[in-house]
file coords-v1.txt (compact mmCIF, C-alpha atoms)
# COMPACT_ATOMS: atom_id res chain seq x y z
CA MET A 1397 29.73 14.95 26.72
CA MET A 1398 28.90 12.41 24.06
CA SER A 1399 30.21 8.94 24.73
CA ALA A 1400 32.28 6.99 22.23
CA ASN A 1401 29.34 4.75 21.51
CA ASP A 1402 27.02 7.66 20.86
CA ASN A 1403 29.54 9.16 18.44
CA ILE A 1404 29.98 6.02 16.39
CA GLY A 1405 29.05 7.89 13.23
CA ASN A 1406 32.10 10.13 13.57
CA LYS A 1407 33.95 8.30 10.84
CA LYS A 1408 35.27 9.25 7.42
CA GLY A 1409 34.05 7.29 4.44
CA PRO A 1410 31.46 7.28 1.68
CA PHE A 1411 28.56 6.81 4.10
CA PHE A 1412 29.60 9.18 6.88
CA ARG A 1413 30.02 12.92 7.10
CA ASN A 1414 31.25 14.31 10.41
CA SER A 1415 29.10 12.72 13.15
CA PHE A 1416 26.35 11.41 10.86
CA PHE A 1417 25.27 7.82 11.50
CA TYR A 1418 24.15 5.87 8.42
CA GLY A 1419 21.57 3.99 10.48
CA TRP A 1420 19.29 7.00 10.12
CA VAL A 1421 19.42 6.55 6.32
CA ILE A 1422 18.26 2.97 6.93
CA VAL A 1423 15.40 4.38 9.00
CA ALA A 1424 14.39 6.85 6.27
CA ALA A 1425 14.58 4.22 3.52
CA GLY A 1426 12.59 1.76 5.63
CA ALA A 1427 9.90 4.36 6.32
CA LEU A 1428 9.58 5.12 2.60
CA LEU A 1429 9.35 1.42 1.72
CA LEU A 1430 6.61 0.85 4.32
CA ALA A 1431 4.78 3.98 3.17
CA THR A 1432 4.60 2.53 -0.34
CA SER A 1433 3.74 -1.07 0.51
CA PHE A 1434 1.25 -0.29 3.31
CA GLY A 1435 -0.32 2.52 1.28
CA ILE A 1436 -1.03 -0.06 -1.42
CA CYS A 1437 -2.22 -2.70 1.06
CA PHE A 1438 -4.52 -0.58 3.21
CA SER A 1439 -6.13 1.21 0.28
CA PHE A 1440 -8.04 -2.02 -0.38
CA GLY A 1441 -10.97 -0.73 1.70
CA VAL A 1442 -11.31 2.16 -0.76
CA PHE A 1443 -11.48 -0.27 -3.71
CA PHE A 1444 -13.86 -2.59 -1.82
CA THR A 1445 -17.17 -1.25 -3.14
CA SER A 1446 -15.91 -0.92 -6.73
CA LEU A 1447 -14.74 -4.53 -6.80
CA GLN A 1448 -17.95 -5.77 -5.16
CA GLN A 1449 -20.06 -4.01 -7.78
CA GLU A 1450 -17.81 -5.00 -10.72
CA PHE A 1451 -18.12 -8.72 -9.99
CA SER A 1452 -21.48 -8.76 -8.15
CA TRP A 1453 -19.86 -10.36 -5.10
CA SER A 1454 -21.09 -10.61 -1.52
CA ARG A 1455 -19.05 -8.85 1.15
CA ALA A 1456 -17.62 -12.16 2.36
CA THR A 1457 -16.43 -13.00 -1.15
CA THR A 1458 -14.98 -9.53 -1.68
CA SER A 1459 -13.27 -9.74 1.70
CA SER A 1460 -11.81 -13.12 0.75
CA LEU A 1461 -9.68 -11.42 -1.92
CA PHE A 1462 -7.96 -9.34 0.77
CA SER A 1463 -7.94 -12.22 3.25
CA LEU A 1464 -6.13 -14.48 0.80
CA TYR A 1465 -3.64 -11.69 0.12
CA LEU A 1466 -2.96 -11.35 3.85
CA LEU A 1467 -2.67 -15.11 4.32
CA PHE A 1468 0.02 -15.23 1.66
CA VAL A 1469 1.70 -12.26 3.35
CA GLY A 1470 2.34 -14.53 6.32
CA VAL A 1471 3.70 -17.28 4.07
CA PHE A 1472 5.99 -15.02 2.06
CA SER A 1473 7.23 -13.26 5.20
CA ILE A 1474 8.95 -16.51 6.20
CA TRP A 1475 10.71 -16.58 2.86
CA GLY A 1476 11.54 -12.88 2.99
CA GLY A 1477 12.95 -12.97 6.51
CA ARG A 1478 15.18 -15.98 5.84
CA VAL A 1479 16.45 -14.78 2.46
CA SER A 1480 17.11 -11.30 3.83
CA ASP A 1481 19.11 -12.76 6.74
CA LYS A 1482 21.17 -14.80 4.27
CA TYR A 1483 21.65 -12.47 1.29
CA GLY A 1484 20.88 -9.03 2.68
CA PRO A 1485 17.80 -6.84 2.24
CA LYS A 1486 18.79 -4.82 -0.83
CA LEU A 1487 18.46 -7.48 -3.53
CA VAL A 1488 15.34 -9.00 -1.96
CA VAL A 1489 13.50 -5.67 -1.81
CA ILE A 1490 14.46 -4.74 -5.38
CA ILE A 1491 12.90 -7.99 -6.62
CA MET A 1492 9.83 -7.43 -4.44
CA GLY A 1493 9.40 -3.94 -5.86
CA ALA A 1494 9.45 -5.24 -9.42
CA ILE A 1495 6.82 -7.86 -8.56
CA SER A 1496 4.63 -5.31 -6.74
CA GLY A 1497 4.42 -2.97 -9.72
CA LEU A 1498 3.81 -5.83 -12.13
CA SER A 1499 1.03 -7.33 -9.99
CA LEU A 1500 -0.90 -4.04 -9.79
CA ILE A 1501 -0.56 -3.35 -13.50
CA MET A 1502 -1.79 -6.88 -14.24
CA THR A 1503 -4.68 -6.34 -11.77
CA SER A 1504 -5.77 -3.32 -13.80
CA ARG A 1505 -6.07 -5.51 -16.90
CA ILE A 1506 -7.93 -8.56 -15.56
CA GLU A 1507 -10.97 -9.89 -17.38
CA SER A 1508 -12.33 -12.49 -14.93
CA PRO A 1509 -12.48 -12.83 -11.11
CA TRP A 1510 -10.05 -15.77 -10.86
CA GLN A 1511 -7.36 -13.59 -12.43
CA LEU A 1512 -7.85 -11.06 -9.62
CA TYR A 1513 -7.05 -13.71 -7.03
CA LEU A 1514 -3.84 -14.51 -8.91
CA THR A 1515 -2.62 -10.98 -9.63
CA TYR A 1516 -3.72 -9.35 -6.36
CA SER A 1517 -3.95 -12.04 -3.69
CA VAL A 1518 -0.88 -14.03 -4.75
CA LEU A 1519 1.49 -11.81 -6.74
CA LEU A 1520 0.97 -8.63 -4.70
CA SER A 1521 1.54 -10.54 -1.46
CA LEU A 1522 4.81 -11.86 -2.92
CA GLY A 1523 5.80 -8.28 -3.75
CA THR A 1524 4.82 -6.59 -0.49
CA GLY A 1525 4.30 -9.33 2.10
CA ALA A 1526 7.79 -9.51 3.58
CA MET A 1527 8.48 -5.76 3.44
CA TYR A 1528 7.55 -5.12 7.08
CA ILE A 1529 9.72 -7.94 8.39
CA ILE A 1530 12.70 -7.02 6.23
CA VAL A 1531 12.82 -3.31 7.06
CA MET A 1532 12.06 -3.80 10.76
CA SER A 1533 14.68 -6.54 11.23
CA THR A 1534 17.21 -4.49 9.25
CA GLY A 1535 16.50 -1.40 11.33
CA SER A 1536 16.86 -3.42 14.55
CA ARG A 1537 20.40 -4.45 13.59
CA TRP A 1538 21.60 -0.85 13.44
CA PHE A 1539 20.52 0.25 16.92
CA PHE A 1540 21.15 -0.84 20.51
CA LYS A 1541 20.19 2.46 22.08
CA LYS A 1542 17.14 4.19 20.57
CA ARG A 1543 15.97 0.94 18.95
CA ALA A 1544 12.28 1.45 19.72
CA ALA A 1545 12.54 5.08 18.57
CA ALA A 1546 14.09 4.03 15.26
CA LEU A 1547 11.47 1.34 14.73
CA GLY A 1548 8.74 3.83 15.59
CA ILE A 1549 9.97 6.19 12.87
CA ILE A 1550 10.13 3.35 10.34
CA GLY A 1551 6.65 2.21 11.34
CA ALA A 1552 5.31 5.74 10.92
CA GLY A 1553 6.00 5.32 7.23
CA SER A 1554 3.23 2.74 6.98
CA SER A 1555 0.75 5.23 8.42
CA ILE A 1556 1.92 8.08 6.20
CA GLY A 1557 1.49 5.90 3.15
CA THR A 1558 -2.09 5.04 4.07
CA VAL A 1559 -2.92 8.67 4.85
CA ILE A 1560 -1.80 9.64 1.38
CA MET A 1561 -2.94 6.61 -0.61
CA ALA A 1562 -6.51 6.24 0.71
CA PRO A 1563 -7.87 9.64 -0.43
CA VAL A 1564 -5.73 9.64 -3.57
CA SER A 1565 -7.08 6.20 -4.52
CA ALA A 1566 -10.67 7.33 -3.82
CA TRP A 1567 -10.12 10.39 -6.02
CA MET A 1568 -8.62 8.34 -8.87
CA ILE A 1569 -11.51 5.85 -8.70
CA ALA A 1570 -14.07 8.67 -8.77
CA VAL A 1571 -12.42 10.60 -11.62
CA TYR A 1572 -11.15 7.70 -13.71
CA HIS A 1573 -11.86 4.06 -12.77
CA TRP A 1574 -10.57 1.48 -10.31
CA ARG A 1575 -8.56 -0.13 -13.13
CA SER A 1576 -6.78 3.11 -13.96
CA ALA A 1577 -6.12 3.68 -10.26
CA TYR A 1578 -4.35 0.32 -9.92
CA LEU A 1579 -2.34 1.01 -13.09
CA ILE A 1580 -1.06 4.32 -11.71
CA ILE A 1581 -0.29 2.83 -8.29
CA GLY A 1582 1.69 0.03 -9.94
CA ILE A 1583 3.87 2.57 -11.77
CA ILE A 1584 4.39 4.47 -8.50
CA ALA A 1585 5.56 1.25 -6.83
CA TRP A 1586 8.21 0.76 -9.52
CA CYS A 1587 9.40 4.36 -9.20
CA VAL A 1588 9.74 4.34 -5.40
CA ILE A 1589 10.71 0.90 -4.15
CA LYS A 1590 13.89 0.23 -6.15
CA PRO A 1591 15.61 3.59 -5.37
CA ALA A 1592 14.80 3.19 -1.66
CA ALA A 1593 16.05 -0.41 -1.68
CA LEU A 1594 19.43 0.69 -3.02
CA LEU A 1595 20.03 2.56 0.26
CA LEU A 1596 19.63 -0.55 2.43
CA LYS A 1597 22.63 -2.13 4.19
CA THR A 1598 22.35 -5.39 6.12
CA ASP A 1599 24.05 -4.11 9.29
CA PRO A 1600 26.77 -1.63 10.36
CA SER A 1601 29.58 -4.11 9.70
CA GLU A 1602 28.83 -3.86 5.96
CA ILE A 1603 30.32 -0.35 5.99
CA GLY A 1604 32.78 -0.85 8.86
CA ALA A 1605 30.63 0.85 11.48
CA LYS A 1606 29.25 -0.22 14.86
CA ILE A 1607 25.74 -0.56 16.23
CA TYR A 1608 24.39 2.69 17.64
CA GLY A 1609 25.08 2.58 21.39
CA GLU A 1610 27.15 -0.60 21.07
CA PHE A 1611 26.64 -3.27 23.77
CA THR A 1612 29.06 -2.72 26.64
CA SER A 1613 29.17 -3.50 30.35
CA GLU A 1614 27.54 -0.10 30.91
CA THR A 1615 24.76 -0.38 28.33
CA ALA A 1616 23.99 -3.90 29.50
CA GLU A 1617 22.45 -2.33 32.60
CA LEU A 1618 19.93 -0.30 30.58
CA PRO A 1619 16.26 -1.11 31.36
CA GLN A 1620 15.69 -2.31 27.79
CA ALA A 1621 18.99 -4.14 27.23
CA PRO A 1622 18.42 -6.69 24.47
CA ALA A 1623 19.91 -10.12 24.19
CA VAL A 1624 23.44 -10.27 22.82
CA GLY A 1625 23.78 -12.51 19.78
CA GLY A 1626 20.47 -14.28 19.59
CA PHE A 1627 18.38 -17.43 19.52
CA SER A 1628 18.36 -19.76 16.58
CA LEU A 1629 14.90 -20.28 15.11
CA ARG A 1630 14.66 -23.72 16.72
CA GLU A 1631 15.59 -22.34 20.15
CA ALA A 1632 13.13 -19.46 19.83
CA ALA A 1633 10.28 -21.69 18.67
CA GLY A 1634 10.69 -23.87 21.76
CA THR A 1635 9.99 -21.03 24.18
CA GLY A 1636 6.72 -19.85 25.67
CA ASN A 1637 7.59 -16.33 24.54
CA PHE A 1638 7.49 -17.40 20.89
CA ARG A 1639 3.99 -18.82 21.30
CA LEU A 1640 2.84 -15.68 23.08
CA PHE A 1641 4.21 -13.40 20.36
CA PHE A 1642 2.48 -15.62 17.79
CA LEU A 1643 -0.86 -15.09 19.55
CA ILE A 1644 -0.24 -11.37 20.02
CA TRP A 1645 0.37 -10.88 16.32
CA PHE A 1646 -2.65 -13.02 15.43
CA CYS A 1647 -4.96 -10.98 17.66
CA TYR A 1648 -3.56 -7.61 16.61
CA ALA A 1649 -3.73 -8.48 12.90
CA PHE A 1650 -7.26 -9.90 13.21
CA CYS A 1651 -8.60 -6.68 14.71
CA LEU A 1652 -6.54 -4.24 12.62
CA HIS A 1653 -7.37 -5.75 9.24
CA MET A 1654 -11.02 -6.15 10.20
CA VAL A 1655 -11.08 -2.39 10.69
CA MET A 1656 -8.95 -1.49 7.67
CA SER A 1657 -11.00 -3.56 5.22
CA HIS A 1658 -14.53 -2.90 6.54
CA ILE A 1659 -14.52 0.56 8.13
CA VAL A 1660 -15.08 2.36 4.80
CA PRO A 1661 -17.97 0.17 3.56
CA GLY A 1662 -19.38 0.27 7.10
CA ILE A 1663 -19.48 4.06 7.02
CA GLU A 1664 -20.96 4.03 3.52
CA ASP A 1665 -23.79 1.89 4.94
CA ILE A 1666 -25.02 4.87 6.99
CA GLY A 1667 -25.27 6.98 3.83
CA VAL A 1668 -21.86 8.68 3.71
CA GLU A 1669 -20.41 9.18 0.22
CA PRO A 1670 -17.33 7.01 -0.57
CA THR A 1671 -14.80 9.85 -0.84
CA ARG A 1672 -15.81 11.22 2.55
CA ALA A 1673 -15.89 7.76 4.09
CA ALA A 1674 -12.30 7.21 2.92
CA THR A 1675 -11.20 10.24 4.96
CA ILE A 1676 -11.97 8.26 8.13
CA LEU A 1677 -9.26 5.80 7.11
CA SER A 1678 -6.89 8.71 6.54
CA ILE A 1679 -7.69 10.25 9.94
CA LEU A 1680 -7.17 6.88 11.64
CA THR A 1681 -3.76 6.39 10.10
CA ALA A 1682 -2.78 10.05 10.54
CA ALA A 1683 -3.45 9.71 14.27
CA SER A 1684 -1.12 6.73 14.38
CA ILE A 1685 1.89 8.74 13.12
CA PRO A 1686 2.60 10.87 16.24
CA SER A 1687 1.70 7.89 18.39
CA ARG A 1688 4.36 5.72 16.70
CA LEU A 1689 6.99 8.42 17.00
CA VAL A 1690 6.33 9.38 20.63
CA THR A 1691 5.80 5.80 21.80
CA GLY A 1692 9.02 4.72 20.11
CA PHE A 1693 11.05 7.20 22.14
CA VAL A 1694 9.13 6.53 25.36
CA ALA A 1695 9.53 2.76 24.97
CA ASP A 1696 13.31 3.19 25.14
CA VAL A 1697 13.10 4.50 28.71
CA VAL A 1698 9.84 3.04 30.09
CA ASP A 1699 8.84 -0.62 30.40
CA ARG A 1700 7.74 -1.71 26.93
CA LYS A 1701 5.34 -4.35 28.19
CA THR A 1702 3.30 -1.81 30.18
CA ILE A 1703 2.97 0.47 27.16
CA ALA A 1704 1.94 -2.39 24.86
CA VAL A 1705 -0.69 -3.67 27.30
CA ALA A 1706 -2.20 -0.20 27.69
CA PHE A 1707 -2.57 0.26 23.94
CA ALA A 1708 -4.01 -3.24 23.49
CA LEU A 1709 -6.71 -2.43 26.04
CA ILE A 1710 -7.49 0.86 24.27
CA HIS A 1711 -7.87 -1.19 21.06
CA ALA A 1712 -10.41 -3.40 22.82
CA LEU A 1713 -12.39 -0.48 24.24
CA MET A 1714 -12.60 1.30 20.89
CA MET A 1715 -13.89 -1.83 19.19
CA LEU A 1716 -16.71 -1.84 21.75
CA TRP A 1717 -17.31 1.84 20.90
CA LEU A 1718 -17.57 0.85 17.25
CA VAL A 1719 -20.35 -1.62 18.08
CA LYS A 1720 -22.57 1.36 18.98
CA ALA A 1721 -21.33 3.77 16.29
CA ASP A 1722 -24.24 4.89 14.12
CA SER A 1723 -23.34 8.47 13.15
CA LEU A 1724 -20.37 10.09 11.44
CA TRP A 1725 -19.08 11.92 14.53
CA MET A 1726 -18.76 8.61 16.38
CA PHE A 1727 -16.61 7.26 13.56
CA TYR A 1728 -14.42 10.37 13.77
CA VAL A 1729 -13.88 9.79 17.50
CA PHE A 1730 -13.11 6.15 16.83
CA ALA A 1731 -10.63 7.05 14.07
CA VAL A 1732 -8.60 9.36 16.31
CA ILE A 1733 -8.42 7.17 19.42
CA TYR A 1734 -8.06 3.85 17.61
CA GLY A 1735 -5.39 5.41 15.40
CA LEU A 1736 -3.39 6.46 18.47
CA ALA A 1737 -3.63 2.93 19.86
CA TYR A 1738 -2.83 1.30 16.51
CA GLY A 1739 0.30 3.41 16.15
CA GLY A 1740 1.40 3.00 19.74
CA ILE A 1741 1.33 -0.77 20.05
CA ASP A 1742 3.77 -1.54 17.22
CA PRO A 1743 7.10 -0.05 18.43
CA PRO A 1744 7.16 -1.68 21.90
CA VAL A 1745 6.02 -5.12 20.65
CA ILE A 1746 8.53 -5.22 17.77
CA ALA A 1747 11.32 -4.01 20.06
CA MET A 1748 10.36 -6.70 22.60
CA VAL A 1749 10.91 -9.39 19.95
CA SER A 1750 14.50 -8.19 19.44
CA ASP A 1751 15.01 -7.78 23.19
CA VAL A 1752 13.91 -11.34 23.92
CA PHE A 1753 15.38 -13.26 20.97
CA GLY A 1754 18.44 -11.17 20.05
CA LEU A 1755 19.58 -9.94 16.65
CA ASN A 1756 21.40 -12.78 14.88
CA ASN A 1757 18.28 -14.38 13.38
CA VAL A 1758 15.70 -11.69 14.06
CA GLY A 1759 14.52 -11.58 10.42
CA THR A 1760 13.93 -15.32 10.31
CA ILE A 1761 12.20 -15.37 13.70
CA MET A 1762 9.95 -12.43 12.81
CA GLY A 1763 9.20 -14.11 9.50
CA PHE A 1764 7.89 -17.23 11.23
CA LEU A 1765 5.95 -15.15 13.73
CA MET A 1766 4.30 -13.54 10.72
CA ILE A 1767 2.42 -16.80 10.20
CA GLY A 1768 0.31 -15.72 13.16
CA TRP A 1769 -0.02 -12.25 11.64
CA GLY A 1770 -1.02 -13.73 8.28
CA ILE A 1771 -3.67 -16.03 9.77
CA GLY A 1772 -5.12 -13.21 11.85
CA SER A 1773 -5.00 -10.80 8.90
CA ALA A 1774 -6.85 -13.27 6.70
CA ALA A 1775 -9.41 -14.28 9.32
CA GLY A 1776 -10.38 -10.76 10.43
CA PRO A 1777 -11.66 -9.37 7.11
CA TYR A 1778 -13.27 -12.63 5.96
CA ILE A 1779 -15.08 -13.39 9.24
CA SER A 1780 -16.31 -9.78 9.37
CA GLY A 1781 -17.71 -10.05 5.86
CA LEU A 1782 -19.31 -13.39 6.69
CA ILE A 1783 -20.94 -11.95 9.83
CA PHE A 1784 -22.26 -9.00 7.82
CA ASP A 1785 -23.75 -11.28 5.16
CA HIS A 1786 -25.57 -13.31 7.84
CA THR A 1787 -26.63 -10.54 10.23
CA GLY A 1788 -26.85 -7.45 8.00
CA GLY A 1789 -24.46 -5.50 10.25
CA TYR A 1790 -20.97 -5.39 11.75
CA GLN A 1791 -21.87 -5.22 15.46
CA LEU A 1792 -21.04 -8.85 16.25
CA ALA A 1793 -17.82 -8.63 14.21
CA PHE A 1794 -16.61 -5.54 16.09
CA LEU A 1795 -17.51 -7.13 19.44
CA THR A 1796 -15.39 -10.14 18.46
CA GLY A 1797 -12.51 -7.82 17.61
CA GLY A 1798 -12.71 -6.20 21.04
CA LEU A 1799 -12.59 -9.55 22.85
CA ILE A 1800 -9.65 -10.70 20.77
CA MET A 1801 -7.66 -7.54 21.61
CA ALA A 1802 -8.35 -8.16 25.30
CA LEU A 1803 -6.74 -11.57 24.77
CA ALA A 1804 -3.75 -9.82 23.16
CA ALA A 1805 -3.29 -7.72 26.31
CA ILE A 1806 -3.22 -10.90 28.43
CA CYS A 1807 -0.61 -12.45 26.12
CA ILE A 1808 1.61 -9.36 26.30
CA LEU A 1809 1.51 -9.53 30.10
CA GLY A 1810 2.73 -13.11 29.88
CA VAL A 1811 5.89 -12.35 27.86
CA LYS A 1812 9.07 -12.84 29.89
CA THR A 1813 11.27 -9.94 28.81
CA SER A 1814 13.92 -10.60 31.44
CA TYR A 1815 15.51 -13.74 30.01
CA ASN A 1816 17.70 -13.84 26.92
CA TYR A 1817 19.15 -16.53 24.69
CA GLN A 1818 22.10 -17.16 27.02
CA SER A 1819 19.82 -18.54 29.73
CA VAL A 1820 18.42 -21.32 27.54
CA LYS A 1821 21.74 -22.71 26.29

call {"tool": "encode", "arguments": {"input": "coords-v1.txt", "output": "structure tokens"}}
result
Amino acid sequence: MMSANDNIGNKKGPFFRNSFFYGWVIVAAGALLLATSFGICFSFGVFFTSLQQEFSWSRATTSSLFSLYLLFVGVFSIWGGRVSDKYGPKLVVIIMGAISGLSLIMTSRIESPWQLYLTYSVLLSLGTGAMYIIVMSTGSRWFFKKRAAALGIIGAGSSIGTVIMAPVSAWMIAVYHWRSAYLIIGIIAWCVIKPAALLLKTDPSEIGAKIYGEFTSETAELPQAPAVGGFSLREAAGTGNFRLFFLIWFCYAFCLHMVMSHIVPGIEDIGVEPTRAATILSILTAASIPSRLVTGFVADVVDRKTIAVAFALIHALMMLWLVKADSLWMFYVFAVIYGLAYGGIDPPVIAMVSDVFGLNNVGTIMGFLMIGWGIGSAAGPYISGLIFDHTGGYQLAFLTGGLIMALAAICILGVKTSYNYQSVK
């Protein structure tokens, strides 16, 4: 039989019908928001060559456009997490959606390189940078049981968006122009983000509901029982766990954005046409979708740390594979296996943050941890471009990425998932 806590959606009202739980609407809306924002973000690799040729830039300079965007993502995530915790996610995301569309439309009309840094690197990061933190922290507040599964579904949206946006962007660039492509994407952002944002609710109490699988004396004994209440930001920042999560996100972002920004031009270097090279990015992100979904459910019943370490090590091994990749089939193998690892590491790590630090200030805490993500995101693409400009290849860059992901695995092992906020007060 279903327990009372599992049937918490069995309530009459505007947001419930029979046993339906509104938290799953939050999951769907969050997945759609990430699909849009990450589809825009990770399509940069498809625009890379067009921008480099338009402005006669080196690869390091072209990469710096994306690196600066990602650096500001870390900065604006702090703002987004704190404002969302205080005022709720709906209003914040609506404003972000308006800025996202405007920034892309302005990008399509630029006349000089410095304007591109303003419209893309700064304004687009303001519009999309905090989206991940906001939807993940909001989703966390709706679930006690099945938290990792819910976050895995939300995270799958980011992969779906990239799968769709990469080839569509390549097609629009080939048929029209990169300027027209950004104009169309900006309009899409306006049409999708605001309607999805209107579905967001801060937490179950906003509609008189309870968290899915509400914390009780029975659920407290679950293997993945998260902290009740939560750390303040100051308390969290004083722990070793906070520093380890900071390093984990730095390492993961460094490697991931190195790949996302340079894999397409790297494949083009061996003579593959741009549209076909972009399909590698689509395959990589497509492979991450089932991985996110399955890992999310598994991470609710199996030790999350073990899963995260395993995927971090697979990341490292595939970066070493990439060092030797010199034919298209090797890139296809990389795309599938790396995609599985990329999708699988997110749900357990994000769920561990909520487990360790609790839910009260999870948006703010994740926002500050995003500083590490932003620094890593900015450093990965730029350093890779710099290495290419000096060596004529990506081998040293990919080797560096592999070593950094090995460090991430060590940091994950060091996280103490057994203590919660009550033990430090």

call {"tool": "closest_residue", "arguments": {"input": "coords-v1.txt", "among": "A:Asp1742, A:Ile1580, A:Glu1507, A:Tyr1418", "to": "A:Ile1607", "atoms": "all atoms listed in the file"}}
result
A:Tyr1418

call {"tool": "closest_residue", "arguments": {"input": "coords-v1.txt", "among": "A:Cys1647, A:Met1801, A:Ile1495, A:Ala1585", "to": "A:Gly1557", "atoms": "only C-alpha atoms"}}
result
A:Ala1585

call {"tool": "atom_distance", "arguments": {"input": "coords-v1.txt", "atom1": "atom CA of A:Val1749", "atom2": "atom CA of A:Lys1597"}}
result
20.9 Å

call {"tool": "axis_aligned_box", "arguments": {"input": "coords-v1.txt", "around": "stretch 1778-1786 of chain A", "padding_each_side": "6 Å", "output": "JSON"}}
result
{"center_x": -19.4, "center_y": -11.2, "center_z": 7.5, "size_x": 24.3, "size_y": 16.4, "size_z": 16.7}

call {"tool": "closest_atom_pairs", "arguments": {"input": "coords-v1.txt", "of": "stretch 1525-1615 of chain A", "to": "stretch 1764-1773 of chain A", "cutoff": "12 Å", "atoms": "only C-alpha atoms", "output": "tab-separated table"}}
result
residue	atom	partner	partner_atom	distance
A:Gly1525	CA	A:Gly1770	CA	9.3
A:Ala1526	CA	A:Met1766	CA	8.9
A:Met1527	CA	A:Met1766	CA	11.4
A:Tyr1528	CA	A:Met1766	CA	9.7
A:Ile1529	CA	A:Met1766	CA	8.1
A:Ile1530	CA	A:Met1766	CA	11.5

call {"tool": "closest_residue", "arguments": {"input": "coords-v1.txt", "among": "A:Ile1474, A:Leu1466, A:Ile1741, A:Val1729", "to": "A:Thr1691", "atoms": "only C-alpha atoms"}}
result
A:Ile1741

call {"tool": "residues_near_point", "arguments": {"input": "coords-v1.txt", "point": "(-3.5, -11.2, 22.7)", "cutoff": "9 Å", "atoms": "only C-alpha atoms", "output": "compact mmCIF listing (two decimals) with C-alpha atoms, keeping the file's coordinate frame"}}
result
# COMPACT_ATOMS: atom_id res chain seq x y z
CA LEU A 1640 2.84 -15.68 23.08
CA PHE A 1641 4.21 -13.40 20.36
CA PHE A 1642 2.48 -15.62 17.79
CA LEU A 1643 -0.86 -15.09 19.55
CA ILE A 1644 -0.24 -11.37 20.02
CA TRP A 1645 0.37 -10.88 16.32
CA PHE A 1646 -2.65 -13.02 15.43
CA CYS A 1647 -4.96 -10.98 17.66
CA TYR A 1648 -3.56 -7.61 16.61
CA ALA A 1708 -4.01 -3.24 23.49
CA ILE A 1800 -9.65 -10.70 20.77
CA MET A 1801 -7.66 -7.54 21.61
CA ALA A 1802 -8.35 -8.16 25.30
CA LEU A 1803 -6.74 -11.57 24.77
CA ALA A 1804 -3.75 -9.82 23.16
CA ALA A 1805 -3.29 -7.72 26.31
CA ILE A 1806 -3.22 -10.90 28.43
CA CYS A 1807 -0.61 -12.45 26.12
CA ILE A 1808 1.61 -9.36 26.30

call {"tool": "residues_near_point", "arguments": {"input": "coords-v1.txt", "point": "(12.5, -17.5, 6.6)", "cutoff": "9 Å", "atoms": "only C-alpha atoms", "output": "VMD selection string"}}
result
chain A and resid 1472 to 1481 1759 to 1764

call {"tool": "atom_distance", "arguments": {"input": "coords-v1.txt", "atom1": "atom CA of A:Gly1419", "atom2": "atom CA of A:Pro1743"}}
result
17.0 Å

call {"tool": "atom_distance", "arguments": {"input": "coords-v1.txt", "atom1": "atom CA of A:Lys1701", "atom2": "atom CA of A:Ala1747"}}
result
10.1 Å
